[in-house]
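**Q** Quick one: the structure is below, and I'll ask about it shortly.
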Amino acid sequence: MVTPTQSPDAQVAIPEALRQQLEGFRRELWRVKILEATAAGLMGLLVSYLLVYGLDRFFQTPGWLRLGILLAGVSLFAGFAPYWLHRWVWQQRRDTQLARLIARRYPGLGDRLLGVIELQNQQGSADSLSPRLREAAMLAVADEVAKRQLKEALPPQRHRTWAGLALGLAGVALVAILLTPRAGLNALERWLLPLSKIERYTFTRLENPPIEKIVAFGEAFEIKLKLAPVSEQRPPQAVGRYGLQAPVVATLQNDRYHFNFPGQQDPATLVFRVGDLLHEVRVQPMPRPGIESLVAVVIAPEYLKRSEKTVDLKSGSLSVVEGSEIRLDISSDRPLAAASYGPTRLQVIEAPKPGESPYLPVSGALSISGQIAKTPLLKIGNQPFEIPLSWADPYGLTGDSGLKIRVNAMPDAAPACYLQGIDRQKVMLPEETLDFELLAEDDFGIKRTGIEWSGQFTRPSSGLPAKGDLQLAGSAPDESRTIQPVAFSPAAFNITPQKITLRGFSEDYFPNRSRVYSEPITLYVLSRDEHAQMLKTKFDRVITEFEDLARRELELLDENQRLDRLDGTELQNEPNTKRLETQEQAEAETQRRLEELTERMENLMKDAARNGEIDKATLQKMAESLKPMQELTQQDIPEVKGKLNEAQAPSNTPDKAESDVAKAVDEQKKAVQKMQDAIAKANEANRQFEAGTFVNRLKKAASDQSAIASSLINAYPKILGIRTSKLDPSEQRRLQESASQQSNTGSDIRWLQEDLASYFARTKADNFKKLLDAMKASEIDGGLDEIRKMLGENHSYLATEAAQKWAKQLTDWANQLEGDKAAANGGGGGSGNQNPQDEDFEFMLRVMKLIQKEQDIRSQTRVLEQLRRDGNPSARP
């Protein structure tokens, strides 16, 4: 028991009713504020979700923004709610804290309630703190509290509003998810996982839309967008905008939008808006893949023996022989992804020939290795066709769609052959050599080239006509054109005097094709007698033209003499100046013609020296006439022309003009005199030439008679004793040819007698008169005609005897005339009787013959070298 002096601390508990009221107030405060914190947190989350949902309907909400929205929403729940709970729950857990909160609404009551709570906790002795008084005070406050509604002292209550808002937002979110489940769930995923790469859901969905597109540089391009089958919206229009350019609108057609954009050069982003869908395409303009090189590899048919060939196709066309195979190789400026050819197209519309298959187009893909694409081998038929080519790079850009290669299928045409550098007709001696060129051409290689000749006797002969060929070049598969030098000498091939038809030939590689020949060249290989007669004819023409030129020069001299009578002043008048100019031009023409005659005379001199049977005296006279012709060409006529030119000079004084004309006349008189002297020497040489030709003509006639006799003797076994009508046709033809030749010989002898008579009338040479009388006395004309008749009746033996008789007689007359001529020219006199001029000419003649002989040897050496290279026995001498 406690004594009064030792009383413990007195502590009085608050009344139960008051305690219960405070507990009730605390519970209500906590309930309201917890509800408010929960509603606020839910509202933050729901608002952030709905914000993401709403923004996704307009554009692709970036991850950073979604993260910010999510953090903002979560911050209301994770930040505001704990704060709210701390403020209204944690900080309102004690009675004193509640009393102060109540004091905000009821200040007096709150203070008294706070005093009661303090009295409860106040400690002291019973003497100092009366328990009864404290209890009475607490009861009084408790009664007052009981009379009031403490709930009215609660702070402003938002829990219902906030809860309603939270429920409303939840309802909106639920409705959004229920009405647009894909969009709602997609927004929920994107809200919960803001940094993920989940694409936003759109009501408009595209099927595999492009993200990047390479387009042709500077060319209009098209982009197609297709709506996906799952697309919930199908907007009737869509808009695309390239960079900052004007937008392009496309309408929906068959679930597709077709956008056509103008050509672009700069890269940019192409933005499409289709309903709620916003799609971006990165566009990169790029040049189309170009061709750096395009070649064809041509494999010729096997028979051509050609190696594989590469042909550049810059021209876009290719010509190959039928039966070839080709491969096209494309080199691009960047790697290729695809390439194809065809279908090929025929370029001529022709019905197939009987038995010929119709044309079948071909197409296919090219093999690709980086930047190189190759077609397979294509067989070439006999018709031209076109190969379209197409290619594309890894970006889908195609090359030039217009590239087509035309292939011309060419038949293997026959070769061509030409002989050039030679006249169509040529007269020559057997030992002379013709130098010319053989030109052979073929489209696909030359196999062999050469010359071929065949002879034909112009009079009966016991020998066989010449026939042979000579190969000049062979086996040149890759040569389409060749020029071969040719040296042809009849003597090198043992060709006797006759008519030769010479042709060039060429062969190509086409199977079983015959030789192709050039235009024929006719060569008349003459005996020395025939050659001399030909030279005589040429000499006659040169003299005739020289005489005409001399007469013309005399006429020019007359005109110059008329001008010479004028004084200097008159010469400078315009009409007379024109006369001088005309005279100068006439002298220039004289010089030109004289140069031509001189050249012909020089060639005639060379040919006469080559003949070998033209006597030295004739050659000397020809040389004597040639020398003044050369002087006239090089000195005299140019001097006259020069003076006439000087007389026209505007700077001349009258005296100078008069002097120039006078000098021109003096020079021209000398020139005319020299021309007349040259003509006289030429006529003298011609007379000697003519006398020499009588011997040659007699020898030729004797040779013709001997040839007829030899031909008949060789044919005795086939013709002797047989009537003409019973003879073999070839023998009949041979007799007719002999009869024709006999007729020609008779005509030659008659003309020979007439020429002898004319020559004797001019020269009064007795030996020619004796020969003419002997020929007339022999009645040779009748005898030769009788042989012709015998040949017509096939009296072969009698014709042979008569021909041999007249051959001997003609030979005797030729020898007789040749002996007389030699005696007249000095016979066998010693060299001591020759004058120095004769010795000089003889030396010159020997040098000329030596030079000609050396030239002949060199030419025949070339012919023999051709024979050695050819190795053809048929062409060997």
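Labels for the structure tokens follow display order: chains A, B, ..., residues from 1 in each chain, ligands from 1.
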With a distance cut-off of 9 Å and only C-alpha atoms, select the neighbouring residues of Pro62 (chain A), excluding the residue or stretch itself and same-chain residues fewer than 3 positions from it, and output the selection as a list in words.

**A**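 So, after excluding close chain neighbours, the residues are Phe59, Leu65, Arg66, Leu67, Pro194 and Leu195 of chain A.
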
**Q** What gap, in Å, lies between CA of Ile543 (chain A) and CA of Ser625 (chain A)?

**A** 10.1 Å

**Q** Need to verify the contact set: region 793-798 of chain A, 7 Å, only C-alpha atoms, exclusion of same-chain residues closer than 5 positions in sequence. Can you return it as a short mmCIF file (atom, residue, chain, number, x, y, z; two decimals) with C-alpha atoms, in the first residue's frame?

**A**
```cif
data_model
loop_
_atom_site.label_atom_id
_atom_site.label_comp_id
_atom_site.auth_asym_id
_atom_site.auth_seq_id
_atom_site.Cartn_x
_atom_site.Cartn_y
_atom_site.Cartn_z
CA LEU A 712 50.39 -33.26 -192.14
CA LEU A 720 46.34 -40.57 -195.44
CA ARG A 723 38.27 -39.08 -198.07
CA THR A 724 37.65 -35.81 -196.39
#
```

**Q** Quick one: everything within 9 Å of region 555-560 of chain A, counting only C-alpha atoms, minus sequence neighbours fewer than 6 positions away in the same chain. Send it as a list in words.

**A**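 Once the nearby chain positions are removed, what remains is Arg579, Leu580, Gln583, Ala586, Glu587, Val661, Ala662, Ala664, Val665, Gln668, Lys669 and Val672 of chain A.
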
**Q** For a test of reading the model, state the distance in Å between CA of Glu519 (chain A) and CA of Arg734 (chain A), rounded to one decimal.

**A**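 Value for the CA of Glu519 (chain A)-CA of Arg734 (chain A) distance: 28.4 Å.
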
**Q** Record the distance separating CA of Ala803 (chain A) and CA of Leu784 (chain A), expressed in Å with one decimal.

**A**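 Separation between CA of Ala803 (chain A) and CA of Leu784 (chain A): 7.8 Å.
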
**Q** Name the residues in contact with Val297 (chain A) at a cut-off of 9 Å, using only C-alpha atoms, excluding same-chain residues fewer than 2 positions from it; report them as an mmCIF file with N, CA, C and O atoms, in the first residue's frame.

**A**
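Done, and the output landed in result08.cif:
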```
data_model
loop_
_atom_site.group_PDB
_atom_site.id
_atom_site.type_symbol
_atom_site.label_atom_id
_atom_site.label_comp_id
_atom_site.auth_asym_id
_atom_site.auth_seq_id
_atom_site.Cartn_x
_atom_site.Cartn_y
_atom_site.Cartn_z
ATOM 1 N N VAL A 295 31.232 -7.490 -126.788
ATOM 2 C CA VAL A 295 31.985 -8.165 -127.847
ATOM 3 C C VAL A 295 31.294 -9.479 -128.190
ATOM 4 O O VAL A 295 30.510 -10.017 -127.407
ATOM 5 N N ILE A 299 33.050 -18.295 -133.561
ATOM 6 C CA ILE A 299 33.689 -19.573 -133.875
ATOM 7 C C ILE A 299 33.228 -19.955 -135.278
ATOM 8 O O ILE A 299 32.054 -20.296 -135.491
ATOM 9 N N GLU A 308 39.351 -18.901 -133.214
ATOM 10 C CA GLU A 308 38.299 -18.106 -132.568
ATOM 11 C C GLU A 308 38.637 -16.618 -132.649
ATOM 12 O O GLU A 308 39.772 -16.216 -132.445
ATOM 13 N N LYS A 309 37.627 -15.809 -132.932
ATOM 14 C CA LYS A 309 37.853 -14.377 -133.146
ATOM 15 C C LYS A 309 36.896 -13.572 -132.279
ATOM 16 O O LYS A 309 35.747 -13.945 -132.086
ATOM 17 N N THR A 310 37.424 -12.452 -131.741
ATOM 18 C CA THR A 310 36.610 -11.545 -130.926
ATOM 19 C C THR A 310 36.331 -10.276 -131.724
ATOM 20 O O THR A 310 37.243 -9.649 -132.254
ATOM 21 N N VAL A 311 35.056 -9.909 -131.788
ATOM 22 C CA VAL A 311 34.623 -8.760 -132.589
ATOM 23 C C VAL A 311 33.941 -7.750 -131.675
ATOM 24 O O VAL A 311 33.047 -8.103 -130.900
ATOM 25 N N GLU A 325 29.182 -20.196 -134.948
ATOM 26 C CA GLU A 325 28.610 -20.105 -133.618
ATOM 27 C C GLU A 325 29.139 -18.826 -132.970
ATOM 28 O O GLU A 325 30.316 -18.489 -133.151
ATOM 29 N N ILE A 326 28.273 -18.138 -132.230
ATOM 30 C CA ILE A 326 28.699 -16.886 -131.605
ATOM 31 C C ILE A 326 28.304 -16.904 -130.125
ATOM 32 O O ILE A 326 27.367 -17.594 -129.719
ATOM 33 N N ARG A 327 29.055 -16.137 -129.343
ATOM 34 C CA ARG A 327 28.740 -15.901 -127.935
ATOM 35 C C ARG A 327 28.913 -14.415 -127.670
ATOM 36 O O ARG A 327 29.936 -13.829 -128.047
ATOM 37 N N LEU A 328 27.933 -13.805 -127.052
ATOM 38 C CA LEU A 328 27.998 -12.379 -126.723
ATOM 39 C C LEU A 328 28.483 -12.222 -125.289
ATOM 40 O O LEU A 328 27.945 -12.853 -124.370
ATOM 41 N N ASP A 329 29.495 -11.397 -125.095
ATOM 42 C CA ASP A 329 30.055 -11.126 -123.763
ATOM 43 C C ASP A 329 29.802 -9.667 -123.407
ATOM 44 O O ASP A 329 30.225 -8.756 -124.135
#
```

**Q** Identify, with DSSP run on backbone atoms, the residues in region 443-574 of chain A assigned to strand (DSSP E or B), and express the list as a compact mmCIF listing (two decimals) with all heavy atoms, in the first residue's frame.

**A**
```txt
# COMPACT_ATOMS: atom_id res chain seq x y z
N ILE A 446 41.47 -17.10 -147.94
CA ILE A 446 41.93 -17.54 -149.26
C ILE A 446 42.73 -18.82 -149.09
O ILE A 446 43.70 -18.88 -148.33
CB ILE A 446 42.79 -16.45 -149.92
CG1 ILE A 446 41.95 -15.17 -150.11
CG2 ILE A 446 43.33 -16.93 -151.25
CD1 ILE A 446 42.75 -13.98 -150.52
N LYS A 447 42.31 -19.84 -149.81
CA LYS A 447 42.99 -21.14 -149.72
C LYS A 447 44.18 -21.22 -150.65
O LYS A 447 45.24 -21.73 -150.29
CB LYS A 447 41.99 -22.25 -150.05
CG LYS A 447 42.56 -23.65 -149.93
CD LYS A 447 41.48 -24.68 -150.22
CE LYS A 447 42.02 -26.10 -150.08
NZ LYS A 447 40.97 -27.09 -150.40
N ARG A 448 44.02 -20.72 -151.88
CA ARG A 448 45.10 -20.85 -152.86
C ARG A 448 44.91 -19.78 -153.93
O ARG A 448 43.79 -19.49 -154.33
CB ARG A 448 45.06 -22.25 -153.49
CG ARG A 448 46.24 -22.59 -154.37
CD ARG A 448 46.13 -24.02 -154.91
NE ARG A 448 46.22 -25.00 -153.83
CZ ARG A 448 45.20 -25.74 -153.40
NH1 ARG A 448 44.01 -25.61 -153.97
NH2 ARG A 448 45.36 -26.62 -152.43
N THR A 449 46.01 -19.22 -154.43
CA THR A 449 45.98 -18.28 -155.56
C THR A 449 47.10 -18.63 -156.52
O THR A 449 48.11 -19.24 -156.13
CB THR A 449 46.16 -16.82 -155.09
OG1 THR A 449 47.44 -16.69 -154.45
CG2 THR A 449 45.08 -16.41 -154.13
N GLY A 450 46.92 -18.23 -157.75
CA GLY A 450 47.95 -18.50 -158.75
C GLY A 450 47.52 -18.02 -160.12
O GLY A 450 46.54 -17.29 -160.27
N ILE A 451 48.29 -18.42 -161.12
CA ILE A 451 47.96 -18.07 -162.51
C ILE A 451 47.83 -19.37 -163.29
O ILE A 451 48.42 -20.40 -162.96
CB ILE A 451 49.03 -17.15 -163.14
CG1 ILE A 451 50.43 -17.80 -163.05
CG2 ILE A 451 49.02 -15.80 -162.47
CD1 ILE A 451 51.50 -17.03 -163.81
N GLU A 452 47.07 -19.30 -164.34
CA GLU A 452 46.85 -20.44 -165.22
C GLU A 452 46.89 -19.95 -166.65
O GLU A 452 46.40 -18.86 -166.95
CB GLU A 452 45.49 -21.07 -164.90
CG GLU A 452 45.16 -22.31 -165.70
CD GLU A 452 43.82 -22.87 -165.32
OE1 GLU A 452 43.69 -23.34 -164.16
OE2 GLU A 452 42.88 -22.83 -166.14
N TRP A 453 47.48 -20.72 -167.53
CA TRP A 453 47.57 -20.30 -168.93
C TRP A 453 47.27 -21.47 -169.85
O TRP A 453 47.45 -22.64 -169.51
CB TRP A 453 48.95 -19.72 -169.23
CG TRP A 453 50.08 -20.69 -169.02
CD1 TRP A 453 50.59 -21.57 -169.93
CD2 TRP A 453 50.82 -20.88 -167.81
NE1 TRP A 453 51.61 -22.29 -169.37
CE2 TRP A 453 51.77 -21.89 -168.07
CE3 TRP A 453 50.78 -20.30 -166.55
CZ2 TRP A 453 52.67 -22.33 -167.10
CZ3 TRP A 453 51.67 -20.73 -165.60
CH2 TRP A 453 52.60 -21.74 -165.87
N SER A 454 46.78 -21.10 -171.01
CA SER A 454 46.53 -22.07 -172.07
C SER A 454 46.89 -21.42 -173.40
O SER A 454 46.63 -20.23 -173.60
CB SER A 454 45.07 -22.54 -172.06
OG SER A 454 44.20 -21.43 -172.28
N GLY A 455 47.52 -22.19 -174.27
CA GLY A 455 47.99 -21.66 -175.55
C GLY A 455 47.11 -22.08 -176.71
O GLY A 455 46.32 -23.02 -176.63
N GLN A 456 47.29 -21.35 -177.79
CA GLN A 456 46.59 -21.66 -179.03
C GLN A 456 47.48 -21.22 -180.19
O GLN A 456 47.83 -20.04 -180.29
CB GLN A 456 45.24 -20.94 -179.08
CG GLN A 456 44.46 -21.19 -180.36
CD GLN A 456 43.18 -20.38 -180.41
OE1 GLN A 456 42.85 -19.67 -179.47
NE2 GLN A 456 42.47 -20.47 -181.53
N LYS A 467 50.14 -25.24 -171.83
CA LYS A 467 49.08 -25.34 -170.83
C LYS A 467 49.75 -25.58 -169.48
O LYS A 467 50.65 -26.43 -169.36
CB LYS A 467 48.11 -26.46 -171.14
CG LYS A 467 46.90 -26.50 -170.20
CD LYS A 467 45.90 -27.54 -170.64
CE LYS A 467 44.67 -27.56 -169.75
NZ LYS A 467 43.94 -26.28 -169.78
N GLY A 468 49.35 -24.83 -168.46
CA GLY A 468 49.93 -25.03 -167.15
C GLY A 468 49.37 -24.03 -166.15
O GLY A 468 48.57 -23.16 -166.47
N ASP A 469 49.79 -24.19 -164.91
CA ASP A 469 49.40 -23.23 -163.88
C ASP A 469 50.54 -23.10 -162.88
O ASP A 469 51.47 -23.90 -162.87
CB ASP A 469 48.09 -23.64 -163.18
CG ASP A 469 48.21 -24.97 -162.47
OD1 ASP A 469 49.33 -25.51 -162.40
OD2 ASP A 469 47.19 -25.48 -161.97
N LEU A 470 50.45 -22.08 -162.08
CA LEU A 470 51.49 -21.78 -161.11
C LEU A 470 50.83 -21.24 -159.85
O LEU A 470 50.13 -20.23 -159.90
CB LEU A 470 52.46 -20.74 -161.68
CG LEU A 470 53.57 -20.25 -160.73
CD1 LEU A 470 54.51 -21.39 -160.38
CD2 LEU A 470 54.34 -19.11 -161.37
N GLN A 471 51.05 -21.92 -158.74
CA GLN A 471 50.50 -21.46 -157.47
C GLN A 471 51.42 -20.40 -156.88
O GLN A 471 52.63 -20.58 -156.80
CB GLN A 471 50.36 -22.62 -156.49
CG GLN A 471 49.80 -22.19 -155.14
CD GLN A 471 49.61 -23.36 -154.20
OE1 GLN A 471 49.22 -24.44 -154.63
NE2 GLN A 471 49.89 -23.16 -152.93
N LEU A 472 50.81 -19.30 -156.45
CA LEU A 472 51.59 -18.19 -155.90
C LEU A 472 51.52 -18.13 -154.38
O LEU A 472 52.47 -17.76 -153.72
CB LEU A 472 51.09 -16.87 -156.49
CG LEU A 472 51.23 -16.75 -158.01
CD1 LEU A 472 50.55 -15.48 -158.48
CD2 LEU A 472 52.69 -16.75 -158.42
N ALA A 473 50.38 -18.44 -153.83
CA ALA A 473 50.22 -18.39 -152.37
C ALA A 473 49.13 -19.36 -151.97
O ALA A 473 48.24 -19.69 -152.78
CB ALA A 473 49.85 -16.98 -151.90
N GLY A 474 49.21 -19.84 -150.75
CA GLY A 474 48.21 -20.80 -150.31
C GLY A 474 48.00 -20.76 -148.81
O GLY A 474 48.82 -20.26 -148.05
N SER A 475 46.83 -21.29 -148.41
CA SER A 475 46.48 -21.48 -147.00
C SER A 475 46.64 -20.22 -146.18
O SER A 475 47.58 -20.05 -145.42
CB SER A 475 47.32 -22.60 -146.39
OG SER A 475 46.81 -22.95 -145.13
N ALA A 476 45.69 -19.30 -146.37
CA ALA A 476 45.65 -18.07 -145.55
C ALA A 476 44.23 -17.92 -145.01
O ALA A 476 43.44 -17.11 -145.51
CB ALA A 476 46.05 -16.86 -146.38
N ARG A 481 42.22 -10.69 -148.20
CA ARG A 481 42.73 -9.99 -149.38
C ARG A 481 44.24 -10.19 -149.46
O ARG A 481 44.94 -10.06 -148.46
CB ARG A 481 42.41 -8.50 -149.29
CG ARG A 481 42.71 -7.70 -150.55
CD ARG A 481 42.19 -6.27 -150.34
NE ARG A 481 42.24 -5.49 -151.54
CZ ARG A 481 43.27 -4.71 -151.91
NH1 ARG A 481 44.33 -4.63 -151.11
NH2 ARG A 481 43.24 -4.02 -153.01
N THR A 482 44.71 -10.56 -150.61
CA THR A 482 46.15 -10.75 -150.78
C THR A 482 46.56 -10.22 -152.16
O THR A 482 45.80 -10.33 -153.13
CB THR A 482 46.54 -12.23 -150.65
OG1 THR A 482 47.95 -12.35 -150.81
CG2 THR A 482 45.84 -13.09 -151.68
N ILE A 483 47.72 -9.62 -152.20
CA ILE A 483 48.31 -9.15 -153.45
C ILE A 483 49.64 -9.86 -153.62
O ILE A 483 50.51 -9.75 -152.76
CB ILE A 483 48.49 -7.62 -153.45
CG1 ILE A 483 47.15 -6.91 -153.32
CG2 ILE A 483 49.21 -7.16 -154.71
CD1 ILE A 483 47.25 -5.40 -153.27
N GLN A 484 49.76 -10.59 -154.73
CA GLN A 484 50.97 -11.36 -154.98
C GLN A 484 51.65 -10.83 -156.25
O GLN A 484 51.01 -10.68 -157.29
CB GLN A 484 50.62 -12.84 -155.19
CG GLN A 484 50.03 -13.51 -153.96
CD GLN A 484 51.03 -13.62 -152.83
OE1 GLN A 484 52.24 -13.73 -153.07
NE2 GLN A 484 50.53 -13.58 -151.61
N PRO A 485 52.94 -10.52 -156.16
CA PRO A 485 53.66 -10.13 -157.38
C PRO A 485 53.86 -11.35 -158.28
O PRO A 485 54.11 -12.46 -157.80
CB PRO A 485 55.00 -9.61 -156.84
CG PRO A 485 55.17 -10.29 -155.53
CD PRO A 485 53.81 -10.51 -154.97
N VAL A 486 53.74 -11.12 -159.57
CA VAL A 486 53.85 -12.21 -160.54
C VAL A 486 54.88 -11.83 -161.59
O VAL A 486 54.89 -10.69 -162.08
CB VAL A 486 52.50 -12.50 -161.22
CG1 VAL A 486 52.62 -13.71 -162.14
CG2 VAL A 486 51.41 -12.73 -160.19
N ALA A 487 55.76 -12.77 -161.91
CA ALA A 487 56.69 -12.62 -163.02
C ALA A 487 56.45 -13.79 -163.96
O ALA A 487 56.60 -14.95 -163.57
CB ALA A 487 58.13 -12.61 -162.51
N PHE A 488 56.06 -13.48 -165.20
CA PHE A 488 55.72 -14.53 -166.17
C PHE A 488 56.59 -14.36 -167.41
O PHE A 488 56.58 -13.33 -168.08
CB PHE A 488 54.25 -14.45 -166.56
CG PHE A 488 53.82 -15.51 -167.54
CD1 PHE A 488 53.60 -16.81 -167.11
CD2 PHE A 488 53.67 -15.20 -168.89
CE1 PHE A 488 53.22 -17.78 -168.01
CE2 PHE A 488 53.28 -16.17 -169.79
CZ PHE A 488 53.05 -17.46 -169.36
N GLN A 498 53.06 -18.36 -179.81
CA GLN A 498 51.65 -18.73 -179.93
C GLN A 498 50.82 -17.71 -179.16
O GLN A 498 51.36 -16.83 -178.48
CB GLN A 498 51.39 -20.13 -179.39
CG GLN A 498 51.81 -20.31 -177.93
CD GLN A 498 51.74 -21.75 -177.48
OE1 GLN A 498 50.66 -22.30 -177.37
NE2 GLN A 498 52.92 -22.36 -177.26
N LYS A 499 49.55 -17.85 -179.24
CA LYS A 499 48.64 -16.99 -178.49
C LYS A 499 48.40 -17.64 -177.13
O LYS A 499 48.00 -18.81 -177.05
CB LYS A 499 47.33 -16.83 -179.26
CG LYS A 499 46.27 -16.02 -178.51
CD LYS A 499 44.97 -16.01 -179.29
CE LYS A 499 43.86 -15.32 -178.52
NZ LYS A 499 42.58 -15.36 -179.25
N ILE A 500 48.63 -16.87 -176.07
CA ILE A 500 48.47 -17.38 -174.70
C ILE A 500 47.33 -16.64 -174.02
O ILE A 500 47.29 -15.40 -174.04
CB ILE A 500 49.77 -17.20 -173.89
CG1 ILE A 500 50.91 -18.03 -174.49
CG2 ILE A 500 49.54 -17.59 -172.43
CD1 ILE A 500 50.71 -19.51 -174.36
N THR A 501 46.43 -17.39 -173.45
CA THR A 501 45.38 -16.82 -172.60
C THR A 501 45.79 -17.04 -171.16
O THR A 501 45.88 -18.18 -170.69
CB THR A 501 44.02 -17.47 -172.88
OG1 THR A 501 43.67 -17.27 -174.26
CG2 THR A 501 42.94 -16.86 -171.99
N LEU A 502 46.07 -15.96 -170.48
CA LEU A 502 46.57 -16.00 -169.10
C LEU A 502 45.48 -15.51 -168.15
O LEU A 502 44.89 -14.46 -168.37
CB LEU A 502 47.81 -15.13 -168.98
CG LEU A 502 48.47 -15.02 -167.60
CD1 LEU A 502 49.07 -16.35 -167.20
CD2 LEU A 502 49.53 -13.93 -167.60
N ARG A 503 45.25 -16.28 -167.12
CA ARG A 503 44.24 -15.91 -166.13
C ARG A 503 44.79 -16.13 -164.73
O ARG A 503 45.59 -17.03 -164.50
CB ARG A 503 42.96 -16.75 -166.29
CG ARG A 503 42.28 -16.61 -167.62
CD ARG A 503 40.99 -17.43 -167.66
NE ARG A 503 41.24 -18.85 -167.54
CZ ARG A 503 40.28 -19.78 -167.47
NH1 ARG A 503 39.02 -19.39 -167.51
NH2 ARG A 503 40.58 -21.05 -167.37
N GLY A 504 44.35 -15.29 -163.81
CA GLY A 504 44.62 -15.55 -162.40
C GLY A 504 43.50 -16.38 -161.83
O GLY A 504 42.37 -16.36 -162.33
N PHE A 505 43.79 -17.12 -160.79
CA PHE A 505 42.75 -17.91 -160.15
C PHE A 505 42.89 -17.80 -158.64
O PHE A 505 43.97 -17.50 -158.11
CB PHE A 505 42.78 -19.38 -160.59
CG PHE A 505 43.97 -20.16 -160.07
CD1 PHE A 505 43.97 -20.72 -158.79
CD2 PHE A 505 45.09 -20.34 -160.87
CE1 PHE A 505 45.06 -21.44 -158.33
CE2 PHE A 505 46.18 -21.05 -160.40
CZ PHE A 505 46.17 -21.61 -159.13
N SER A 506 41.79 -18.05 -157.96
CA SER A 506 41.80 -18.09 -156.51
C SER A 506 40.80 -19.15 -156.06
O SER A 506 39.80 -19.41 -156.74
CB SER A 506 41.46 -16.72 -155.90
OG SER A 506 40.17 -16.32 -156.29
N GLU A 507 41.09 -19.74 -154.91
CA GLU A 507 40.22 -20.74 -154.31
C GLU A 507 39.99 -20.39 -152.85
O GLU A 507 40.90 -19.90 -152.18
CB GLU A 507 40.85 -22.14 -154.40
CG GLU A 507 41.15 -22.60 -155.82
CD GLU A 507 41.91 -23.93 -155.83
OE1 GLU A 507 41.98 -24.58 -154.76
OE2 GLU A 507 42.43 -24.32 -156.89
N VAL A 516 37.97 -19.87 -159.12
CA VAL A 516 37.37 -18.66 -159.68
C VAL A 516 38.48 -17.91 -160.42
O VAL A 516 39.58 -17.73 -159.88
CB VAL A 516 36.77 -17.77 -158.57
CG1 VAL A 516 36.28 -16.46 -159.14
CG2 VAL A 516 35.62 -18.51 -157.87
N TYR A 517 38.19 -17.50 -161.65
CA TYR A 517 39.21 -16.93 -162.51
C TYR A 517 39.01 -15.44 -162.71
O TYR A 517 37.89 -14.91 -162.62
CB TYR A 517 39.20 -17.62 -163.88
CG TYR A 517 39.61 -19.08 -163.83
CD1 TYR A 517 38.64 -20.08 -163.76
CD2 TYR A 517 40.95 -19.44 -163.83
CE1 TYR A 517 39.01 -21.42 -163.71
CE2 TYR A 517 41.33 -20.77 -163.78
CZ TYR A 517 40.35 -21.76 -163.72
OH TYR A 517 40.73 -23.07 -163.64
N ILE A 521 43.90 -12.39 -169.79
CA ILE A 521 44.88 -11.54 -170.47
C ILE A 521 45.37 -12.30 -171.70
O ILE A 521 45.74 -13.47 -171.60
CB ILE A 521 46.07 -11.23 -169.54
CG1 ILE A 521 45.59 -10.55 -168.26
CG2 ILE A 521 47.10 -10.37 -170.26
CD1 ILE A 521 44.93 -9.23 -168.45
N THR A 522 45.35 -11.63 -172.83
CA THR A 522 45.80 -12.28 -174.07
C THR A 522 47.22 -11.85 -174.36
O THR A 522 47.52 -10.67 -174.51
CB THR A 522 44.88 -11.90 -175.25
OG1 THR A 522 43.53 -12.28 -174.92
CG2 THR A 522 45.32 -12.62 -176.51
N LEU A 523 48.10 -12.85 -174.42
CA LEU A 523 49.51 -12.61 -174.72
C LEU A 523 49.81 -13.19 -176.10
O LEU A 523 49.50 -14.37 -176.36
CB LEU A 523 50.41 -13.26 -173.67
CG LEU A 523 50.18 -12.86 -172.21
CD1 LEU A 523 51.14 -13.63 -171.31
CD2 LEU A 523 50.38 -11.37 -172.04
N TYR A 524 50.39 -12.39 -176.91
CA TYR A 524 50.84 -12.88 -178.23
C TYR A 524 52.35 -13.05 -178.15
O TYR A 524 53.10 -12.08 -178.18
CB TYR A 524 50.46 -11.89 -179.33
CG TYR A 524 48.97 -11.79 -179.55
CD1 TYR A 524 48.22 -10.79 -178.92
CD2 TYR A 524 48.30 -12.70 -180.36
CE1 TYR A 524 46.85 -10.70 -179.10
CE2 TYR A 524 46.92 -12.62 -180.55
CZ TYR A 524 46.21 -11.62 -179.92
OH TYR A 524 44.86 -11.54 -180.11
N VAL A 525 52.76 -14.29 -177.99
CA VAL A 525 54.19 -14.61 -177.95
C VAL A 525 54.66 -14.77 -179.39
O VAL A 525 54.23 -15.68 -180.11
CB VAL A 525 54.44 -15.90 -177.13
CG1 VAL A 525 55.94 -16.17 -177.04
CG2 VAL A 525 53.82 -15.78 -175.75
```

**Q** Could you write out, as a list of chain:residue names, all the residues of region 480-544 of chain A that DSSP marks as alpha helix (DSSP H)?

**A** A:Arg528, A:Asp529, A:Glu530, A:His531, A:Ala532, A:Gln533, A:Met534, A:Leu535, A:Lys536, A:Thr537, A:Lys538, A:Phe539, A:Asp540, A:Arg541, A:Val542, A:Ile543, A:Thr544
